[in-house]
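Dumped final31.txt below, it's compact mmCIF, N, CA, C and O atoms and all ligand atoms:
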```txt
# COMPACT_ATOMS: atom_id res chain seq x y z
N MET A 341 104.16 97.57 115.66
CA MET A 341 104.29 96.12 115.59
C MET A 341 103.82 95.62 114.22
O MET A 341 104.47 94.78 113.61
N LEU A 342 102.71 96.17 113.75
CA LEU A 342 102.18 95.74 112.46
C LEU A 342 103.15 96.09 111.33
O LEU A 342 103.32 95.31 110.39
N LYS A 343 103.83 97.22 111.46
CA LYS A 343 104.78 97.65 110.42
C LYS A 343 105.91 96.63 110.27
O LYS A 343 106.23 96.21 109.16
N TYR A 344 106.53 96.23 111.39
CA TYR A 344 107.65 95.30 111.24
C TYR A 344 107.18 93.92 110.79
O TYR A 344 107.89 93.22 110.07
N LYS A 345 105.98 93.53 111.19
CA LYS A 345 105.45 92.24 110.71
C LYS A 345 105.21 92.29 109.20
O LYS A 345 105.49 91.32 108.49
N CYS A 346 104.72 93.44 108.71
CA CYS A 346 104.52 93.58 107.26
C CYS A 346 105.87 93.61 106.54
O CYS A 346 106.01 93.03 105.46
N ASP A 347 106.86 94.29 107.14
CA ASP A 347 108.19 94.31 106.54
C ASP A 347 108.76 92.89 106.45
O ASP A 347 109.35 92.51 105.44
N ASN A 348 108.60 92.12 107.52
CA ASN A 348 109.10 90.74 107.52
C ASN A 348 108.39 89.88 106.48
O ASN A 348 109.00 88.99 105.89
N ALA A 349 107.12 90.14 106.26
CA ALA A 349 106.36 89.36 105.29
C ALA A 349 106.45 89.94 103.88
O ALA A 349 105.85 89.40 102.96
N ALA A 350 107.18 91.05 103.76
CA ALA A 350 107.35 91.73 102.46
C ALA A 350 106.01 92.13 101.85
O ALA A 350 105.76 91.95 100.67
N VAL A 351 105.15 92.66 102.71
CA VAL A 351 103.87 93.17 102.20
C VAL A 351 103.78 94.67 102.48
O VAL A 351 104.43 95.20 103.39
N TRP A 352 102.98 95.32 101.69
CA TRP A 352 102.85 96.77 101.76
C TRP A 352 102.16 97.17 103.05
O TRP A 352 101.20 96.52 103.48
N PHE A 353 102.63 98.25 103.67
CA PHE A 353 102.02 98.77 104.89
C PHE A 353 102.02 100.28 104.85
O PHE A 353 103.00 100.90 104.43
N ASP A 354 100.94 100.88 105.28
CA ASP A 354 100.88 102.32 105.47
C ASP A 354 99.76 102.60 106.46
O ASP A 354 98.84 101.80 106.62
N GLU A 355 99.87 103.72 107.15
CA GLU A 355 98.83 104.12 108.07
C GLU A 355 97.93 105.13 107.38
O GLU A 355 98.40 105.97 106.63
N VAL A 356 96.64 105.03 107.65
CA VAL A 356 95.71 106.00 107.08
C VAL A 356 95.20 106.93 108.18
O VAL A 356 95.21 106.57 109.35
N ASN A 357 94.77 108.08 107.76
CA ASN A 357 94.17 109.03 108.68
C ASN A 357 92.74 108.57 108.98
O ASN A 357 91.90 108.51 108.08
N GLU A 358 92.48 108.25 110.23
CA GLU A 358 91.16 107.73 110.61
C GLU A 358 90.13 108.82 110.89
O GLU A 358 88.98 108.52 111.21
N SER A 359 90.55 110.07 110.77
CA SER A 359 89.64 111.17 111.11
C SER A 359 88.31 111.07 110.36
O SER A 359 88.30 110.86 109.15
N TYR A 360 87.25 111.20 111.08
CA TYR A 360 85.88 111.22 110.55
C TYR A 360 85.46 109.92 109.86
O TYR A 360 84.46 109.90 109.17
N SER A 361 86.25 108.85 110.02
CA SER A 361 85.88 107.59 109.37
C SER A 361 84.57 107.04 109.92
O SER A 361 83.86 106.31 109.22
N THR A 362 84.23 107.38 111.15
CA THR A 362 82.97 106.94 111.74
C THR A 362 81.81 107.81 111.28
O THR A 362 80.71 107.33 111.02
N GLN A 363 82.09 109.10 111.15
CA GLN A 363 81.02 110.05 110.80
C GLN A 363 80.71 110.08 109.31
O GLN A 363 79.60 110.42 108.92
N GLU A 364 81.70 109.75 108.48
CA GLU A 364 81.52 109.87 107.04
C GLU A 364 80.78 108.68 106.46
O GLU A 364 81.15 107.53 106.68
N CYS A 365 79.73 108.94 105.72
CA CYS A 365 78.98 107.88 105.04
C CYS A 365 79.87 107.30 103.94
O CYS A 365 80.41 108.04 103.12
N CYS A 366 80.03 105.97 103.94
CA CYS A 366 80.91 105.34 102.96
C CYS A 366 80.28 105.31 101.56
O CYS A 366 80.95 104.98 100.59
N VAL A 367 79.01 105.67 101.46
CA VAL A 367 78.33 105.68 100.16
C VAL A 367 78.41 107.06 99.51
O VAL A 367 78.84 107.20 98.38
N CYS A 368 78.00 108.10 100.24
CA CYS A 368 77.93 109.44 99.64
C CYS A 368 78.98 110.39 100.22
O CYS A 368 79.10 111.52 99.75
N HIS A 369 79.72 109.96 101.21
CA HIS A 369 80.82 110.72 101.84
C HIS A 369 80.36 111.96 102.61
O HIS A 369 81.19 112.81 102.94
N ALA A 370 79.09 112.06 102.90
CA ALA A 370 78.61 113.15 103.75
C ALA A 370 78.93 112.80 105.21
O ALA A 370 78.90 111.63 105.59
N ARG A 371 79.24 113.79 106.02
CA ARG A 371 79.56 113.55 107.43
C ARG A 371 78.29 113.70 108.26
O ARG A 371 78.07 114.71 108.92
N THR A 372 77.47 112.67 108.20
CA THR A 372 76.20 112.73 108.90
C THR A 372 76.10 111.69 110.01
O THR A 372 75.04 111.53 110.61
N GLY A 373 77.20 110.99 110.28
CA GLY A 373 77.19 109.91 111.26
C GLY A 373 77.29 110.40 112.69
O GLY A 373 77.30 111.60 112.95
N PRO A 374 77.36 109.45 113.62
CA PRO A 374 77.43 109.78 115.04
C PRO A 374 78.66 110.62 115.37
O PRO A 374 79.74 110.39 114.85
N LYS A 375 78.44 111.61 116.25
CA LYS A 375 79.52 112.54 116.58
C LYS A 375 79.76 112.60 118.09
O LYS A 375 78.83 112.59 118.87
N GLY A 376 81.03 112.67 118.45
CA GLY A 376 81.42 112.93 119.83
C GLY A 376 81.11 111.82 120.82
O GLY A 376 80.62 110.75 120.46
N LEU A 377 81.41 112.11 122.07
CA LEU A 377 81.21 111.13 123.14
C LEU A 377 79.74 110.81 123.34
O LEU A 377 79.38 109.68 123.68
N ALA A 378 78.89 111.79 123.13
CA ALA A 378 77.46 111.58 123.34
C ALA A 378 76.90 110.51 122.41
O ALA A 378 75.99 109.77 122.78
N ASP A 379 77.47 110.40 121.22
CA ASP A 379 76.98 109.41 120.24
C ASP A 379 77.81 108.14 120.21
O ASP A 379 77.64 107.31 119.33
N LEU A 380 78.71 107.98 121.18
CA LEU A 380 79.59 106.82 121.18
C LEU A 380 78.83 105.50 121.26
O LEU A 380 79.24 104.49 120.70
N ALA A 381 77.71 105.51 121.92
CA ALA A 381 76.92 104.27 122.09
C ALA A 381 76.07 103.97 120.86
O ALA A 381 75.49 102.88 120.75
N MET A 382 75.99 104.90 119.92
CA MET A 382 75.18 104.69 118.72
C MET A 382 75.90 103.73 117.78
O MET A 382 76.91 104.09 117.18
N ARG A 383 75.43 102.51 117.68
CA ARG A 383 76.11 101.49 116.89
C ARG A 383 75.61 101.45 115.45
O ARG A 383 76.28 100.92 114.57
N GLN A 384 74.40 101.95 115.23
CA GLN A 384 73.87 101.97 113.86
C GLN A 384 73.27 103.34 113.61
O GLN A 384 72.77 103.98 114.53
N TRP A 385 73.33 103.78 112.36
CA TRP A 385 72.78 105.08 112.01
C TRP A 385 72.39 105.10 110.54
O TRP A 385 72.81 104.27 109.76
N THR A 386 71.58 106.06 110.21
CA THR A 386 71.12 106.21 108.83
C THR A 386 71.60 107.55 108.31
O THR A 386 71.42 108.58 108.96
N CYS A 387 72.24 107.53 107.14
CA CYS A 387 72.75 108.75 106.54
C CYS A 387 71.56 109.64 106.15
O CYS A 387 70.65 109.20 105.45
N SER A 388 71.60 110.89 106.59
CA SER A 388 70.48 111.80 106.30
C SER A 388 70.53 112.32 104.87
O SER A 388 69.56 112.91 104.40
N VAL A 389 71.63 112.09 104.16
CA VAL A 389 71.75 112.56 102.78
C VAL A 389 71.29 111.48 101.79
O VAL A 389 70.44 111.73 100.94
N CYS A 390 71.84 110.26 101.92
CA CYS A 390 71.52 109.22 100.93
C CYS A 390 70.58 108.15 101.49
O CYS A 390 70.10 107.31 100.73
N GLY A 391 70.34 108.15 102.79
CA GLY A 391 69.40 107.20 103.38
C GLY A 391 69.96 105.81 103.65
O GLY A 391 69.23 104.92 104.07
N THR A 392 71.26 105.62 103.43
CA THR A 392 71.87 104.32 103.67
C THR A 392 71.95 104.04 105.17
O THR A 392 72.33 104.92 105.95
N GLN A 393 71.59 102.82 105.57
CA GLN A 393 71.70 102.43 106.96
C GLN A 393 73.08 101.81 107.18
O GLN A 393 73.51 100.97 106.38
N HIS A 394 73.75 102.25 108.23
CA HIS A 394 75.11 101.80 108.48
C HIS A 394 75.26 101.14 109.85
O HIS A 394 74.66 101.60 110.82
N ASP A 395 76.10 100.12 109.89
CA ASP A 395 76.67 99.64 111.14
C ASP A 395 77.89 100.53 111.36
O ASP A 395 78.70 100.72 110.44
N ARG A 396 78.01 101.11 112.53
CA ARG A 396 79.07 102.08 112.80
C ARG A 396 80.46 101.56 112.43
O ARG A 396 81.22 102.21 111.72
N ASP A 397 80.80 100.37 112.92
CA ASP A 397 82.15 99.82 112.71
C ASP A 397 82.38 99.41 111.26
O ASP A 397 83.47 99.61 110.71
N THR A 398 81.37 98.83 110.62
CA THR A 398 81.51 98.42 109.23
C THR A 398 81.69 99.63 108.32
O THR A 398 82.53 99.63 107.42
N ASN A 399 80.93 100.69 108.58
CA ASN A 399 81.06 101.92 107.80
C ASN A 399 82.47 102.50 107.94
O ASN A 399 83.10 102.87 106.95
N ALA A 400 82.95 102.57 109.18
CA ALA A 400 84.30 103.11 109.41
C ALA A 400 85.35 102.24 108.72
O ALA A 400 86.30 102.76 108.11
N ALA A 401 85.18 100.93 108.79
CA ALA A 401 86.15 100.02 108.15
C ALA A 401 86.17 100.22 106.64
O ALA A 401 87.24 100.21 106.02
N LYS A 402 85.01 100.43 106.05
CA LYS A 402 84.95 100.67 104.60
C LYS A 402 85.67 101.98 104.24
O LYS A 402 86.38 102.05 103.24
N ASN A 403 85.46 103.02 105.06
CA ASN A 403 86.13 104.30 104.80
C ASN A 403 87.65 104.15 104.92
O ASN A 403 88.41 104.69 104.11
N ILE A 404 88.10 103.42 105.92
CA ILE A 404 89.54 103.22 106.12
C ILE A 404 90.12 102.39 104.97
O ILE A 404 91.20 102.68 104.47
N LEU A 405 89.39 101.39 104.52
CA LEU A 405 89.84 100.58 103.38
C LEU A 405 90.03 101.44 102.13
O LEU A 405 91.05 101.35 101.45
N VAL A 406 89.06 102.29 101.85
CA VAL A 406 89.14 103.16 100.66
C VAL A 406 90.34 104.09 100.78
O VAL A 406 91.08 104.29 99.80
N ARG A 407 90.56 104.65 101.97
CA ARG A 407 91.70 105.55 102.15
C ARG A 407 93.02 104.78 101.99
O ARG A 407 93.97 105.29 101.40
N GLY A 408 93.07 103.57 102.50
CA GLY A 408 94.28 102.76 102.36
C GLY A 408 94.55 102.39 100.90
O GLY A 408 95.68 102.45 100.44
N LEU A 409 93.49 102.03 100.17
CA LEU A 409 93.67 101.68 98.76
C LEU A 409 94.13 102.90 97.96
O LEU A 409 94.94 102.76 97.03
N ALA A 410 93.64 104.08 98.32
CA ALA A 410 94.07 105.31 97.63
C ALA A 410 95.56 105.55 97.88
O ALA A 410 96.30 105.90 96.95
N LEU A 411 96.00 105.35 99.12
CA LEU A 411 97.43 105.50 99.43
C LEU A 411 98.26 104.48 98.67
O LEU A 411 99.33 104.81 98.14
N MET A 412 97.77 103.25 98.59
CA MET A 412 98.50 102.20 97.89
C MET A 412 98.60 102.52 96.40
O MET A 412 99.65 102.31 95.78
N GLU A 413 97.52 103.05 95.83
CA GLU A 413 97.53 103.41 94.41
C GLU A 413 98.58 104.48 94.14
O GLU A 413 99.31 104.41 93.15
N ILE A 414 98.68 105.46 95.03
CA ILE A 414 99.69 106.52 94.88
C ILE A 414 101.09 105.92 94.99
O ILE A 414 101.97 106.23 94.17
N ALA A 415 101.29 105.05 95.98
CA ALA A 415 102.61 104.44 96.18
C ALA A 415 103.02 103.62 94.96
O ALA A 415 104.18 103.66 94.53
N ILE A 416 102.08 102.89 94.37
CA ILE A 416 102.38 102.08 93.19
C ILE A 416 102.71 102.98 92.00
O ILE A 416 103.64 102.71 91.24
N ALA A 417 101.96 104.08 91.85
CA ALA A 417 102.22 105.01 90.74
C ALA A 417 103.60 105.63 90.88
O ALA A 417 104.34 105.76 89.89
N VAL A 418 103.97 106.01 92.10
CA VAL A 418 105.29 106.61 92.34
C VAL A 418 106.38 105.60 92.03
O VAL A 418 107.38 105.91 91.38
N GLU A 419 106.17 104.34 92.46
CA GLU A 419 107.15 103.29 92.21
C GLU A 419 107.27 103.02 90.71
O GLU A 419 108.37 102.82 90.19
N ALA A 420 106.15 103.02 90.00
CA ALA A 420 106.17 102.78 88.56
C ALA A 420 106.94 103.88 87.84
O ALA A 420 107.70 103.61 86.91
N ARG A 421 106.75 105.12 88.28
CA ARG A 421 107.49 106.22 87.66
C ARG A 421 108.99 106.10 87.93
O ARG A 421 109.80 106.39 87.06
N ALA A 422 109.34 105.66 89.15
CA ALA A 422 110.76 105.47 89.48
C ALA A 422 111.35 104.35 88.63
O ALA A 422 112.46 104.47 88.12
N ASP A 423 110.58 103.26 88.45
CA ASP A 423 111.03 102.15 87.59
C ASP A 423 111.21 102.62 86.16
O ASP A 423 112.18 102.24 85.49
N GLU A 424 110.26 103.42 85.69
CA GLU A 424 110.32 103.93 84.32
C GLU A 424 111.56 104.81 84.13
O GLU A 424 112.26 104.68 83.13
N ALA A 425 111.82 105.66 85.11
CA ALA A 425 112.99 106.54 85.02
C ALA A 425 114.28 105.72 85.03
O ALA A 425 115.21 106.00 84.27
N ALA A 426 114.31 104.68 85.87
CA ALA A 426 115.50 103.82 85.93
C ALA A 426 115.68 103.08 84.61
O ALA A 426 116.80 102.94 84.12
N MET A 427 114.57 102.62 84.02
CA MET A 427 114.64 101.92 82.74
C MET A 427 115.12 102.87 81.65
O MET A 427 115.95 102.49 80.81
N ASN A 428 114.63 104.09 81.66
CA ASN A 428 115.07 105.08 80.67
C ASN A 428 116.58 105.30 80.76
O ASN A 428 117.25 105.45 79.75
N GLU A 429 117.07 105.31 81.99
CA GLU A 429 118.50 105.52 82.20
C GLU A 429 119.31 104.35 81.64
O GLU A 429 120.35 104.53 81.00
N VAL A 430 118.84 103.13 81.86
CA VAL A 430 119.55 101.93 81.40
C VAL A 430 119.49 101.82 79.88
O VAL A 430 120.49 101.60 79.22
N VAL A 431 118.29 102.00 79.32
CA VAL A 431 118.09 101.83 77.88
C VAL A 431 118.65 103.02 77.11
O VAL A 431 119.11 102.88 75.99
N GLY A 432 118.59 104.18 77.70
CA GLY A 432 119.11 105.37 77.04
C GLY A 432 118.09 106.07 76.18
O GLY A 432 118.38 107.06 75.54
N VAL A 433 116.89 105.53 76.13
CA VAL A 433 115.80 106.19 75.40
C VAL A 433 114.56 106.16 76.30
O VAL A 433 114.49 105.41 77.26
N SER A 434 113.61 106.97 75.93
CA SER A 434 112.39 107.01 76.72
C SER A 434 111.54 105.78 76.44
O SER A 434 111.28 105.44 75.29
N VAL A 435 111.14 105.09 77.50
CA VAL A 435 110.21 103.97 77.34
C VAL A 435 108.83 104.38 77.83
O VAL A 435 107.97 103.56 78.04
N THR A 436 108.64 105.69 77.99
CA THR A 436 107.34 106.19 78.41
C THR A 436 106.30 105.81 77.36
O THR A 436 106.53 105.93 76.17
N THR A 437 105.18 105.32 77.82
CA THR A 437 104.12 104.91 76.90
C THR A 437 103.14 106.05 76.71
O THR A 437 103.08 106.97 77.51
N GLY A 438 102.39 105.96 75.67
CA GLY A 438 101.38 106.97 75.39
C GLY A 438 101.67 107.67 74.08
O GLY A 438 102.68 107.42 73.43
N ALA A 439 100.75 108.52 73.68
CA ALA A 439 100.88 109.21 72.40
C ALA A 439 102.17 110.02 72.37
O ALA A 439 102.48 110.76 73.29
N GLY A 440 102.93 109.84 71.28
CA GLY A 440 104.17 110.60 71.14
C GLY A 440 105.37 109.96 71.80
O GLY A 440 106.47 110.47 71.74
N TYR A 441 105.16 108.81 72.43
CA TYR A 441 106.25 108.10 73.09
C TYR A 441 106.25 106.65 72.63
O TYR A 441 105.33 106.19 72.01
N GLY A 442 107.27 105.94 73.00
CA GLY A 442 107.26 104.51 72.75
C GLY A 442 108.38 104.08 71.83
O GLY A 442 109.13 104.90 71.31
N PRO A 443 108.51 102.79 71.63
CA PRO A 443 109.61 102.21 70.88
C PRO A 443 109.66 102.66 69.42
O PRO A 443 110.74 102.85 68.88
N LEU A 444 108.50 102.86 68.78
CA LEU A 444 108.50 103.27 67.38
C LEU A 444 109.11 104.65 67.22
O LEU A 444 109.84 104.91 66.26
N ASP A 445 108.83 105.55 68.14
CA ASP A 445 109.39 106.89 68.08
C ASP A 445 110.89 106.86 68.29
O ASP A 445 111.61 107.72 67.80
N ALA A 446 111.38 105.86 69.02
CA ALA A 446 112.81 105.75 69.28
C ALA A 446 113.50 104.94 68.20
O ALA A 446 114.72 104.74 68.26
N GLY A 447 112.75 104.42 67.23
CA GLY A 447 113.34 103.65 66.15
C GLY A 447 113.58 102.20 66.50
O GLY A 447 114.29 101.49 65.82
N ILE A 448 113.01 101.74 67.57
CA ILE A 448 113.19 100.34 67.99
C ILE A 448 111.93 99.58 67.59
O ILE A 448 110.82 100.00 67.92
N PRO A 449 112.07 98.45 66.88
CA PRO A 449 110.87 97.68 66.50
C PRO A 449 110.09 97.25 67.74
O PRO A 449 110.67 96.74 68.70
N PHE A 450 108.80 97.42 67.70
CA PHE A 450 107.94 97.05 68.81
C PHE A 450 107.73 95.55 68.81
O PHE A 450 107.47 94.95 67.80
N GLN A 451 107.88 94.93 69.97
CA GLN A 451 107.75 93.49 70.07
C GLN A 451 106.77 93.15 71.18
O GLN A 451 106.95 93.56 72.31
N VAL A 452 105.70 92.41 70.82
CA VAL A 452 104.73 92.00 71.83
C VAL A 452 105.16 90.67 72.38
O VAL A 452 105.45 89.74 71.63
N ALA A 453 105.21 90.58 73.69
CA ALA A 453 105.65 89.34 74.34
C ALA A 453 104.58 88.29 74.26
O ALA A 453 103.43 88.53 74.18
ZN ZN A 501 75.19 108.83 102.66
```

Could you quickly redo this structure as C-alpha cells?
Amino acid sequence: MLKYKCDNAAVWFDEVNESYSTQECCVCHARTGPKGLADLAMRQWTCSVCGTQHDRDTNAAKNILVRGLALMEIAIAVEARADEAAMNEVVGVSVTTGAGYGPLDAGIPFQVA
C-alpha cells in the first residue's frame, strides 16, 4: 500500500532489511541489544560496547533510517550515472567530470551558469 501511495505522490520508496535493527546499536553498530522473545519486553537497554542508553523503538528507527538513506544514495548514484550516459550519447562527447575529463578536454569552452 505504501509503495503505490509513494508512486502516486512521485516520491522515492524502497524497503529496507529490518534484520537486527533492534539489536544493533545505532551509535557503534555492535549487536548488543535485546534478543529473541525473552527480551521482547525490554523497552530500554544500554550498549555494552559504547555505553549508549537506547529506547528500543527509537534505536531501531534510527538503524532503519540509516539503511534507507544508504539505499537512496545508491539509487541516486545509479540514476546519475544513467543520466550521464544518456547525456554523453546526446552530446557525443564525454561529460564525465573529474581529472582528465570535462569540456576543456573535449575542446568545448567551459561555461559557468
Ligand atoms: Zn554501542

Output as number ranges by chain all residues of region 351-450 of chain A that backbone DSSP marks as strand (DSSP E). A: 384-386, 393-395

Could you list the protein, DNA and RNA residues that have any atom within 7 Å of ligand ZN 501 (chain A), counting only C-alpha atoms and all ligand atoms, and write them as a PyMOL selection string? chain A and resi 365-370+387-392

Leaving out Glu358 (chain A) and any residue of its chain fewer than 5 positions from it, which residues lie within 8 Å of it when counting only N, CA, C and O atoms, given as an MDAnalysis selection string? chainID A and resid 363:364 400 403:404

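For the pair atom C of Arg371 (chain A) and CA of Leu409 (chain A), the interatomic distance is 21.7 Å.
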
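Put simply, CA of Leu342 (chain A) is 18.5 Å away from CA of Ala415 (chain A).
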